[in-house]
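Peer 1: Sharing a structure below in structure tokens format, with a few things to ask.
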2 protein chains.
Amino acid sequence: MAISSHNSENGMVRLEDIAAKVGVSRSEVSRVINGRVRAGKGVGAAMRQRILDAAQEMNYRPHRAAQSLARGRTDTVALMMVIYKQEEGNFHTAVMHHELSPHYHEIIGALTYTLHQYGINLLLAQCGGEDQDPQDVMEEIARSRTCDGMVITDMRVDDERPQILENAGLPYVVRGSSPKGGVVAVGIDNFQVGYQAIAYLHGLGHRNVLFFNIGQDLMSGQGRYRGMCAAREELGLHIEYQDDAHYKHGIYNAVKERLRLPDFPTAVFTEDELGALGAIHALEEAGRRIPQDVSVMTCLNARFMHQIAPHLTVLDLHQAEVAAEAGHLLAKMLRGDSVTPGQRFLAPQLDERGSTAPPPAS
Amino acid sequence: MAISSHNSENGMVRLEDIAAKVGVSRSEVSRVINGRVRAGKGVGAAMRQRILDAAQEMNYRPHRAAQSLARGRTDTVALMMVIYKQEEGNFHTAVMHHELSPHYHEIIGALTYTLHQYGINLLLAQCGGEDQDPQDVMEEIARSRTCDGMVITDMRVDDERPQILENAGLPYVVRGSSPKGGVVAVGIDNFQVGYQAIAYLHGLGHRNVLFFNIGQDLMSGQGRYRGMCAAREELGLHIEYQDDAHYKHGIYNAVKERLRLPDFPTAVFTEDELGALGAIHALEEAGRRIPQDVSVMTCLNARFMHQIAPHLTVLDLHQAEVAAEAGHLLAKMLRGDSVTPGQRFLAPQLDERGSTAPPPAS
DNA sequence: CTGTTAGCGCGTTCAG
DNA sequence: CTGAACGCGCTAACAG
């Protein structure tokens, strides 16, 4: 492979360089490369080909910052992530220091892949560090036009991020449920998660369920709570509800604690796989068999968890599909296609496996 | 909160706008904002404050593309990821469709966090999609100056990416072992992983070990293989070696298959947590107890796995620490600090838990 | 200390 | 179809 020579000293090759080599003007090269000159025939076509060849040979790539500035577009989308702060905890406490919540794993993978199909890069923005104000990070990215659009996730019931983005005029898609109407949002129907979990367990015969939820300050937690309540009222069963165990001292400890009291429920629902494994650990330590003595079910957030715990009955949250759809929607918006605002919901899918069964005959 | 008014119709506020408002020139505003004007005293200081106040009030943020173009710097670093293609497989096959390998989870979290401290954003570049040539993706990002530097990972023994980046003149850090000398690289010492695993099991009394490795086309797999060989020759024990089970049909199936033959080894080492869980599943199905009948040990890639399988004896690979160090090194290089080239190695750390024990008395 | 001027590399008029 | 000229928003070198 020949070393391409050009006049710019630092190794960068510009439109200018290839124009000089071929003997035309910059703008002609720009037009040819951007496809504004048809393949056609005659002398023009020959020049066109020479330009294209030279560009290829010199390994030309448009300078992204210059292109962005001129086009007013970055071809970049940002994902806003929440990083958990470090907290004290034991093994079954799912709060990690500066670690991403596992469901981001699915989101990042699916989003990167999807956006790439549109020629869009994914930028990772984080908030939740010690000194950084999430709103500040948002403002900074939005107003500096670091990206063309944004995906926000983990919405809180009082989340103000949509408003900030609208003020800044930056297109965005909410992954999950939006607390605010009239926005493009796509997520799992967490009402259905709460409802179906209870309905399924009720159908098996359970009348006493221990229900662990995400915090109700999150949209997802609120949805699950409401779904759970609706099912409870409709079907009439007893539910013990906890929504702070996750952060406070872990599901493992919460279950262990509950085991000290009499009348342990015949079924446990946890918010995620880690919680389920913690619950199972505590139950097995106490000599309870799964599912003969106690049924355990949970949500499937990360696909690879399925390999780790293939015996768990789960509600599949389709995290990857949701993220991919969010990516598609945002890409379309950026392309100029009209996307009707509103909340899209995917339904969770029950995947019945070995960790649930009818309650023991009393 | 007052709506800030400015003349740019689309809501963007430029240096120009704030200059007009205060009644000075663009460049003066630029200098003040970039701290090229001391706080000082007198009339200059008053103007300085007026400019700062106006910028704040108008919620000004420099346009990133413009700034990048002028400064010749993007304050962005790219992480090049390999996305596994979809393949057929059962539960215990750790090949997923368009899904990131779990260790990226640690890397992304640590890298995002670390780079943020230097005011650097992380861009996710993916390769390994159906149609995309990894080298092309690299060239594109490097030559278009989409980022100031790059972190590359999952190095293959014949990896040409370092050369591509050097040709393009883009600073980079290798996370892992570099096949090429004279580059800045930081990773776990996989020779030690292989060596210590065998040495530890040998120390417990095992003389017959089933060793699952990553492919030897990867630098990490090569290192582990060599470490294993060194320990084997030094200590003298029998090792059954497999390095394709992961991708071919999963550790679960490989172990199941091996169980059909006589003289099953007294210890199993797997390349990662998923593999270990698969192995354990197969062993328990066959009625073997862990660790009484068979010891199982593995590597700890993702911290949250520790919560899932706190009973596993592991070699902690410190993925987050390695990634963070890679981030620090790259940030320093970009800042202009001289960083001496060479391979940095962190040692894996043995974390002894319940899945290993002396072999059963024969 | 401040304003003027000249780029950064590319896209896009507007004449010829 | 092609070249010349201007602007994107910002930084930096040069005068005053």
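Scheme for the structure tokens: letters A, B, ... for chains in order shown; per-chain residue numbers from 1; ligand numbers from 1 in order shown.
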Write out as JSON, numbers by chain the residues lying within 9 Å of DT2 in chain C, counting only C-alpha atoms (C1' of nucleotides) and excluding same-chain residues fewer than 4 positions away.
Peer 2: {"B": [24, 25, 27, 28], "D": [16]}
Peer 1: Per residue of chain C within 10 Å of chain A, record the nearest atom pair and its distance in Å to one decimal, counting only C-alpha atoms (C1' of nucleotides), with rows in chain order and ascending residue number, as CSV.
Peer 2:
```
residue,atom,partner,partner_atom,distance
C:DC8,C1',A:Ala66,CA,7.7
C:DG9,C1',A:Ala66,CA,4.9
C:DC10,C1',A:Gln67,CA,5.3
C:DG11,C1',A:Ala70,CA,5.7
C:DT12,C1',A:Ser27,CA,8.9
```
Peer 1: Please dump the current selection as a PDB file, in the first residue's frame; keep C-alpha atoms (C1' of nucleotides).
Peer 2:
```
ATOM      1  C1'  DC C   8     -10.069  26.083  11.407  1.00  0.00           C
ATOM      2  C1'  DG C   9     -12.376  22.676   7.081  1.00  0.00           C
ATOM      3  C1'  DC C  10     -16.429  22.232   4.919  1.00  0.00           C
ATOM      4  C1'  DG C  11     -21.148  23.323   2.593  1.00  0.00           C
ATOM      5  C1'  DT C  12     -23.546  26.260  -0.330  1.00  0.00           C
TER       6       DT C  12
END
```
Peer 1: If you run DSSP on the backbone here, which positions in range 129-158 of chain A get helix (DSSP H, G or I)? Please write them as a PyMOL selection string.
Peer 2: chain A and resi 134-143
Peer 1: Can you write out as a Markdown table which residues of chain D fall within 7 Å of chain A, alongside each residue's closest atom pair and its distance in Å to one decimal, counting only C-alpha atoms (C1' of nucleotides) and ordering rows by chain and ascending residue number?
Peer 2:
```
| residue | atom | partner | partner_atom | distance |
| --- | --- | --- | --- | --- |
| D:DT2 | C1' | A:Glu28 | CA | 6.9 |
| D:DG3 | C1' | A:Ser25 | CA | 6.3 |
| D:DC8 | C1' | A:Ala70 | CA | 4.9 |
```
Peer 1: Could the residues in this selection be saved with N, CA and C atoms (P, O5', C5', C4', C3', O3' and C1' of nucleotides) as a JSON list (two decimals), in the first residue's frame?
Peer 2:
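The resulting file, out_19.json, is reproduced below:
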```json
[["chain", "number", "residue", "atom", "x", "y", "z"],
["D", 2, "DT", "P", -17.17, 19.67, -14.25],
["D", 2, "DT", "O5'", -16.78, 21.06, -13.62],
["D", 2, "DT", "C5'", -15.87, 21.92, -14.30],
["D", 2, "DT", "C4'", -15.94, 23.30, -13.68],
["D", 2, "DT", "C3'", -15.21, 23.44, -12.35],
["D", 2, "DT", "O3'", -13.99, 24.15, -12.58],
["D", 2, "DT", "C1'", -17.22, 24.70, -12.45],
["D", 3, "DG", "P", -12.81, 24.02, -11.49],
["D", 3, "DG", "O5'", -12.80, 25.49, -10.89],
["D", 3, "DG", "C5'", -12.49, 26.58, -11.74],
["D", 3, "DG", "C4'", -13.02, 27.87, -11.12],
["D", 3, "DG", "C3'", -12.40, 28.23, -9.76],
["D", 3, "DG", "O3'", -11.95, 29.57, -9.81],
["D", 3, "DG", "C1'", -14.76, 28.31, -9.64],
["D", 8, "DC", "P", -23.15, 33.02, 9.69],
["D", 8, "DC", "O5'", -23.00, 31.58, 10.32],
["D", 8, "DC", "C5'", -23.71, 30.44, 9.84],
["D", 8, "DC", "C4'", -23.06, 29.20, 10.41],
["D", 8, "DC", "C3'", -22.45, 29.44, 11.78],
["D", 8, "DC", "O3'", -23.37, 28.98, 12.78],
["D", 8, "DC", "C1'", -20.96, 28.20, 10.31]]
```
Peer 1: Select residues of chain B: the criterion is any atom within 7 Å of an atom of chain A, counting only C-alpha atoms; output as an NGL selection string.
Peer 2: :B and (61-66 or 68-69 or 91-92 or 98-100 or 105 or 109 or 121-125 or 140 or 143-146 or 168 or 274 or 277 or 307-308)
Peer 1: Give me a file of those residues, with C-alpha atoms, as an mmCIF file, in the first residue's frame.
Peer 2:
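Output saved as part_14.cif:
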```cif
data_model
loop_
_atom_site.group_PDB
_atom_site.id
_atom_site.type_symbol
_atom_site.label_atom_id
_atom_site.label_comp_id
_atom_site.auth_asym_id
_atom_site.auth_seq_id
_atom_site.Cartn_x
_atom_site.Cartn_y
_atom_site.Cartn_z
ATOM 1 C CA ARG B 61 -22.480 27.373 26.043
ATOM 2 C CA PRO B 62 -19.820 27.372 23.388
ATOM 3 C CA HIS B 63 -20.854 25.568 20.247
ATOM 4 C CA ARG B 64 -18.879 22.373 20.435
ATOM 5 C CA ALA B 65 -18.280 21.858 16.723
ATOM 6 C CA ALA B 66 -17.073 25.422 16.312
ATOM 7 C CA SER B 68 -13.463 21.850 18.155
ATOM 8 C CA LEU B 69 -12.717 23.233 14.744
ATOM 9 C CA PHE B 91 -28.871 -21.353 27.471
ATOM 10 C CA HIS B 92 -25.331 -21.923 28.409
ATOM 11 C CA HIS B 98 -25.839 -8.053 19.028
ATOM 12 C CA GLU B 99 -25.155 -8.038 22.642
ATOM 13 C CA LEU B 100 -22.128 -6.706 24.390
ATOM 14 C CA HIS B 105 -20.181 -3.211 31.307
ATOM 15 C CA GLY B 109 -18.803 2.446 33.505
ATOM 16 C CA ASN B 121 -16.834 12.568 26.721
ATOM 17 C CA LEU B 122 -16.936 8.940 25.735
ATOM 18 C CA LEU B 123 -18.041 7.941 22.282
ATOM 19 C CA LEU B 124 -19.016 4.360 21.587
ATOM 20 C CA ALA B 125 -17.794 2.907 18.359
ATOM 21 C CA GLU B 140 -13.314 6.592 9.650
ATOM 22 C CA ARG B 143 -9.119 10.213 10.180
ATOM 23 C CA SER B 144 -12.274 12.282 10.565
ATOM 24 C CA ARG B 145 -10.970 13.441 13.913
ATOM 25 C CA THR B 146 -14.199 12.491 15.570
ATOM 26 C CA ALA B 168 -3.678 8.125 11.328
ATOM 27 C CA LEU B 274 -21.061 -17.497 32.945
ATOM 28 C CA LEU B 277 -22.241 -21.250 36.319
ATOM 29 C CA GLN B 307 -23.500 -10.703 44.082
ATOM 30 C CA ILE B 308 -24.989 -13.351 41.895
#
```
Peer 1: Out of range 6-223 of chain A, which residues get strand (DSSP E) from DSSP, as a PyMOL selection string?
Peer 2: chain A and resi 76-82+121-127+149-153+172-175+184-188+208-212
Peer 1: For Asp316 in chain B, please output as a ChimeraX atom specification all residues within 7 Å (counting only C-alpha atoms (C1' of nucleotides); exclusion window: fewer than 2 positions along the same chain).
Peer 2: /B:299-301,314,318,348-351
